[in-house]
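Structure first, then comments.
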Amino acid sequence: MNTQRITLHLRAALLTAALALSVHAAEAASRIMILATGGTIAGAQASQAQYGYKSGAFNVQDLIDAVPQMKDLADITGEQIVNIGSQDMNDEVWLKLAKRLNEVLAQSDIDGVVITHGTDTLEETSYFLDLVVKSDKPVVMVGSMRPATAISADGPMNLYNAMAIAADPRSKGRGVLVALNDTIHAGRELTKTNTSSVQTFGSLNRGPAGLVNTGKITWFGVPSGRRGPESEFSITGVEALPRVDIIYAHANMSTDLIDAAVKNGAKGLVIAGVGDGNMTQEAIEHCAAAAKSGVVIVRSSRLPSGLTYRNNEIDDDKYGFVASLELNPPKSRVLLQEALLKTKDVKEIQRMFSEY
Ligand code: ASP
């Protein structure tokens with residue numbers, strides 16, 4: 001009887017150990033690729049504690065080596081796409097990055113991707129990728145506000161957290177996510193709110209997607225908007241994006257920039273309007289003339305939060321304008337570029353602004 005019991009105990013113990021091993025093996029099996037683009041997270045100062053630095057000084061392998069603890073989260077590979085400050089981000093790099101991202105995500109030996117990026121234009125790249133990524137696998141963007149050489153650099157922890165999010169199966173289907181300062185943002189929502197603080201990103205309309213503390217993740221909800229495989233936008237075969245300019249409205253605004261943008265070939269204009277997307281009556285008339293000539297005009301707001309509603313103070317129906325609703329000017333520009341690849345129809349573009 002005793003021998004039988006011991007055998008049973010032994011069997012149970014062996015089974016538990018085998019299960020634990022297989023669970024561990026399944027967890028450890030996440031294969032994550034880092035696509036690096038530069039930014040402050042890869043930035044270096046001339047010497048520590050010295051103000052000023054150069055973005056994109058370290059490469060992807062340097063970043064991986066700097067956070068060896070990530071190896072416990074995933075099998076990691078890395079690839080350098082570009083090494084720039086994100087103030088130099090442009091359509092060409094977006095297309096290159098998005099195409100490579102779709103290729104990598106289609107690989108059966110890759111479970112998710114982390115993208116390192118400067119914070120200046122991260123909110124634009126994240127939304128661009130959100131619209132054109134054709135996979136449900138996790139994509140997590142990450143940057144930092146202090147260069148890699150700084151005292152108390154924020155990059156290593158941000159990168160560790162991004163890796164934890166990418167390796168978490170619950171991150172699937174949430175679109176492009178962004179990890180910064182222990183907060184997870186949806187790529188559609190975040191905006192840069194402070195020039196230097198490590199808590200620079202805010203998801204000002206809908207709030208963050210979750211929190212992350214040393215790799216431990218708490219989700220707040222699934223991000224809104226159509227994206228990923230649900231998105232009607234695609235960059236397959238696209239070699240260039242239509243030119244869309246942003247015009248900043250202000251008191252005593254001149255109409256020269258509106259006319260110059262149209263004259264120089266802009267296919268769309270986003271007005272970073274005052275208040276809820278307002279501009280001077282003269283600017284409205286110049287935009288209306290542009291709209292008549294086939295340039296698509298989107299009214300957004302220069303304010304950090306809130307919606308730009310249709311037909312509120314400006315009669316969008318009369319002038320043939322599109323209202324940006326939740327999207328700020330840089331994100332409106334991204335959606336309008338994508339929209340213009342498909343149509344110039346204002347009604348159809350307004351539908352896109354309400355769905356994405
Ligand atoms: N200028 C830098 C960049 O966007 C700022 C940063 O990464 O925080 O690349």
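Residue numbering restarts at 1 for every chain of the structure tokens, chains are lettered A, B, ... in their displayed order, and ligands are numbered from 1 as they appear.
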For chain A against ligand 1, with a cut-off of 9 Å and counting only C-alpha atoms and all ligand atoms, what is the closest atom pair and its distance in Å to one decimal for every residue that makes the cut, ordered by chain and number, as a Markdown table?
```
| residue | atom | partner | partner_atom_place_in_ligand_line | distance |
| --- | --- | --- | --- | --- |
| A:Thr37 | CA | ligand 1 | 9 (O) | 8.9 |
| A:Gly38 | CA | ligand 1 | 9 (O) | 6.6 |
| A:Gly39 | CA | ligand 1 | 9 (O) | 3.4 |
| A:Thr40 | CA | ligand 1 | 7 (O) | 3.7 |
| A:Ile41 | CA | ligand 1 | 7 (O) | 6.1 |
| A:Ala42 | CA | ligand 1 | 7 (O) | 8.1 |
| A:Gly43 | CA | ligand 1 | 7 (O) | 7.8 |
| A:Lys54 | CA | ligand 1 | 1 (N) | 8.5 |
| A:Ser55 | CA | ligand 1 | 9 (O) | 5.7 |
| A:Gly56 | CA | ligand 1 | 9 (O) | 7.4 |
| A:Ile84 | CA | ligand 1 | 9 (O) | 6.6 |
| A:Gly85 | CA | ligand 1 | 9 (O) | 3.3 |
| A:Ser86 | CA | ligand 1 | 9 (O) | 3.8 |
| A:Gln87 | CA | ligand 1 | 4 (O) | 5.4 |
| A:Asp88 | CA | ligand 1 | 9 (O) | 7.9 |
| A:Met89 | CA | ligand 1 | 4 (O) | 8.6 |
| A:His117 | CA | ligand 1 | 7 (O) | 6.5 |
| A:Gly118 | CA | ligand 1 | 7 (O) | 3.1 |
| A:Thr119 | CA | ligand 1 | 7 (O) | 4.1 |
| A:Asp120 | CA | ligand 1 | 4 (O) | 3.7 |
| A:Thr121 | CA | ligand 1 | 4 (O) | 6.0 |
| A:Leu122 | CA | ligand 1 | 4 (O) | 7.2 |
| A:Gly143 | CA | ligand 1 | 7 (O) | 5.9 |
| A:Ser144 | CA | ligand 1 | 8 (O) | 5.3 |
| A:Met145 | CA | ligand 1 | 8 (O) | 4.3 |
| A:Arg146 | CA | ligand 1 | 8 (O) | 6.9 |
| A:Pro147 | CA | ligand 1 | 8 (O) | 7.9 |
| A:Thr195 | CA | ligand 1 | 8 (O) | 8.5 |
| A:Ser196 | CA | ligand 1 | 8 (O) | 7.9 |
| A:Val198 | CA | ligand 1 | 8 (O) | 8.9 |
```
File dump, residues just selected, C-alpha atoms, as an mmCIF file, in the first residue's frame:
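Wrote it out as selection_18.cif, contents follow:
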```cif
data_model
loop_
_atom_site.group_PDB
_atom_site.id
_atom_site.type_symbol
_atom_site.label_atom_id
_atom_site.label_comp_id
_atom_site.auth_asym_id
_atom_site.auth_seq_id
_atom_site.Cartn_x
_atom_site.Cartn_y
_atom_site.Cartn_z
ATOM 1 C CA THR A 37 14.894 52.920 -36.449
ATOM 2 C CA GLY A 38 16.985 55.116 -34.125
ATOM 3 C CA GLY A 39 15.741 57.869 -31.812
ATOM 4 C CA THR A 40 16.859 58.940 -28.354
ATOM 5 C CA ILE A 41 16.567 55.354 -27.114
ATOM 6 C CA ALA A 42 19.646 54.756 -29.286
ATOM 7 C CA GLY A 43 21.087 58.204 -28.552
ATOM 8 C CA LYS A 54 22.756 62.714 -30.835
ATOM 9 C CA SER A 55 19.822 60.423 -31.712
ATOM 10 C CA GLY A 56 20.491 57.069 -33.389
ATOM 11 C CA ILE A 84 17.682 58.406 -37.508
ATOM 12 C CA GLY A 85 16.151 60.922 -35.160
ATOM 13 C CA SER A 86 12.433 60.578 -35.800
ATOM 14 C CA GLN A 87 12.270 64.272 -36.733
ATOM 15 C CA ASP A 88 13.726 62.978 -40.024
ATOM 16 C CA MET A 89 11.004 60.370 -40.484
ATOM 17 C CA HIS A 117 11.685 54.737 -32.631
ATOM 18 C CA GLY A 118 12.249 58.357 -31.641
ATOM 19 C CA THR A 119 9.444 59.957 -29.684
ATOM 20 C CA ASP A 120 9.030 63.102 -31.836
ATOM 21 C CA THR A 121 6.966 61.476 -34.590
ATOM 22 C CA LEU A 122 6.179 58.167 -32.924
ATOM 23 C CA GLY A 143 11.241 55.000 -27.409
ATOM 24 C CA SER A 144 12.798 56.939 -24.591
ATOM 25 C CA MET A 145 13.218 60.530 -23.524
ATOM 26 C CA ARG A 146 16.734 60.216 -22.120
ATOM 27 C CA PRO A 147 19.596 59.024 -24.297
ATOM 28 C CA THR A 195 9.261 68.310 -24.773
ATOM 29 C CA SER A 196 11.483 66.620 -22.185
ATOM 30 C CA VAL A 198 9.847 60.912 -19.364
#
```
Task: 7 Å contact set for segment 166-175 of chain A, only C-alpha atoms, chain neighbours under 4 positions out, as number ranges by chain - done: A: 30, 73-74, 112-114, 130, 136-140, 162, 222-223, 227-228
Okay, now the selection with C-alpha atoms, as a PDB file, in the first residue's frame?
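Final output, again_34.pdb:
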```pdb
ATOM      1  CA  SER A  30       8.035  33.623 -27.961  1.00  0.00           C
ATOM      2  CA  LEU A  73      11.173  36.918 -21.967  1.00  0.00           C
ATOM      3  CA  ALA A  74      11.764  35.829 -25.552  1.00  0.00           C
ATOM      4  CA  GLY A 112       5.712  39.510 -32.468  1.00  0.00           C
ATOM      5  CA  VAL A 113       7.743  42.607 -33.235  1.00  0.00           C
ATOM      6  CA  VAL A 114       9.199  45.450 -31.172  1.00  0.00           C
ATOM      7  CA  ASP A 130      -1.854  50.515 -37.292  1.00  0.00           C
ATOM      8  CA  ASP A 136      -2.917  40.197 -35.451  1.00  0.00           C
ATOM      9  CA  LYS A 137       0.473  39.436 -33.925  1.00  0.00           C
ATOM     10  CA  PRO A 138       1.712  41.909 -31.301  1.00  0.00           C
ATOM     11  CA  VAL A 139       3.561  44.981 -32.567  1.00  0.00           C
ATOM     12  CA  VAL A 140       4.969  47.188 -29.818  1.00  0.00           C
ATOM     13  CA  ALA A 162       7.956  46.508 -24.701  1.00  0.00           C
ATOM     14  CA  VAL A 222      -9.243  46.833 -26.354  1.00  0.00           C
ATOM     15  CA  PRO A 223      -8.267  49.899 -28.433  1.00  0.00           C
ATOM     16  CA  ARG A 227      -7.019  48.420 -37.832  1.00  0.00           C
ATOM     17  CA  GLY A 228      -4.751  45.512 -38.754  1.00  0.00           C
TER      18      GLY A 228
END
```
Open item on the list: Considering only strand (DSSP E) as DSSP defines it on the backbone, what residues of segment 202-303 of chain A qualify? List them as a list in words.
Closed with: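 DSSP-assigned strand (DSSP E) residues in segment 202-303 of chain A: Gly202, Gly210, Leu211, Val212, Asn213, Lys216, Ile217, Thr218, Trp219, Val244, Asp245, Ile246, Ile247, Tyr248, Gly268, Leu269, Val270, Ile271, Ala272, Gly273, Val296, Ile297, Val298, Arg299, Ser300 and Ser301 of chain A.
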At a cut-off of 12 Å, can you tabulate as CSV every residue of segment 138-243 of chain A near segment 251-271 of chain A together with its closest atom pair and the distance in Å to one decimal, using only C-alpha atoms and ordering rows by chain then number?
```
residue,atom,partner,partner_atom,distance
A:Leu241,CA,A:Lys267,CA,10.1
A:Pro242,CA,A:Lys267,CA,6.3
A:Arg243,CA,A:Ala266,CA,5.0
```
Restrict the selected residues to N, CA, C and O atoms and save them as a compact mmCIF listing (two decimals), in the first residue's frame.
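The result, stored in out37.txt:
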```txt
# COMPACT_ATOMS: atom_id res chain seq x y z
N LEU A 241 3.53 58.04 -51.15
CA LEU A 241 2.25 58.47 -50.59
C LEU A 241 1.89 59.86 -51.11
O LEU A 241 2.80 60.66 -51.39
N PRO A 242 0.60 60.15 -51.23
CA PRO A 242 0.21 61.47 -51.72
C PRO A 242 0.67 62.57 -50.76
O PRO A 242 0.71 62.36 -49.54
N ARG A 243 0.98 63.72 -51.32
CA ARG A 243 1.43 64.83 -50.47
C ARG A 243 0.24 65.44 -49.72
O ARG A 243 -0.74 65.86 -50.32
```
Open item on the list: Quick check, in Å to one decimal: how far apart do atom CA of Asn194 of chain A and atom CA of Asn181 of chain A lie?
Closed with: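 Pair atom CA of Asn194 of chain A / atom CA of Asn181 of chain A returns 13.1 Å.
Once Val60 of chain A and its same-chain neighbours fewer than 6 positions away are set aside, Ala36, Gly78, Glu79 and Gln80 of chain A remain within 7 Å of it when counting only C-alpha atoms.
As for atom CA of Ser354 of chain A and atom CA of Val295 of chain A, they are spaced 19.8 Å apart.
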- [ ] Rank nothing, just name the residue among A:Ser234, A:Asn312, A:Asn158, A:Gln337 nearest to Ile115 of chain A, using only C-alpha atoms.
- [x]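 Looking at the shortest contact to Ile115 of chain A, the residue is A:Asn158.
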TODO: Find the residues near Val274 of chain A: any atom within 7 Å, counting only C-alpha atoms, skip ones fewer than 3 places away on the same chain, and give them as a ChimeraX atom specification.
DONE: /A:249-250,277-279,301-302
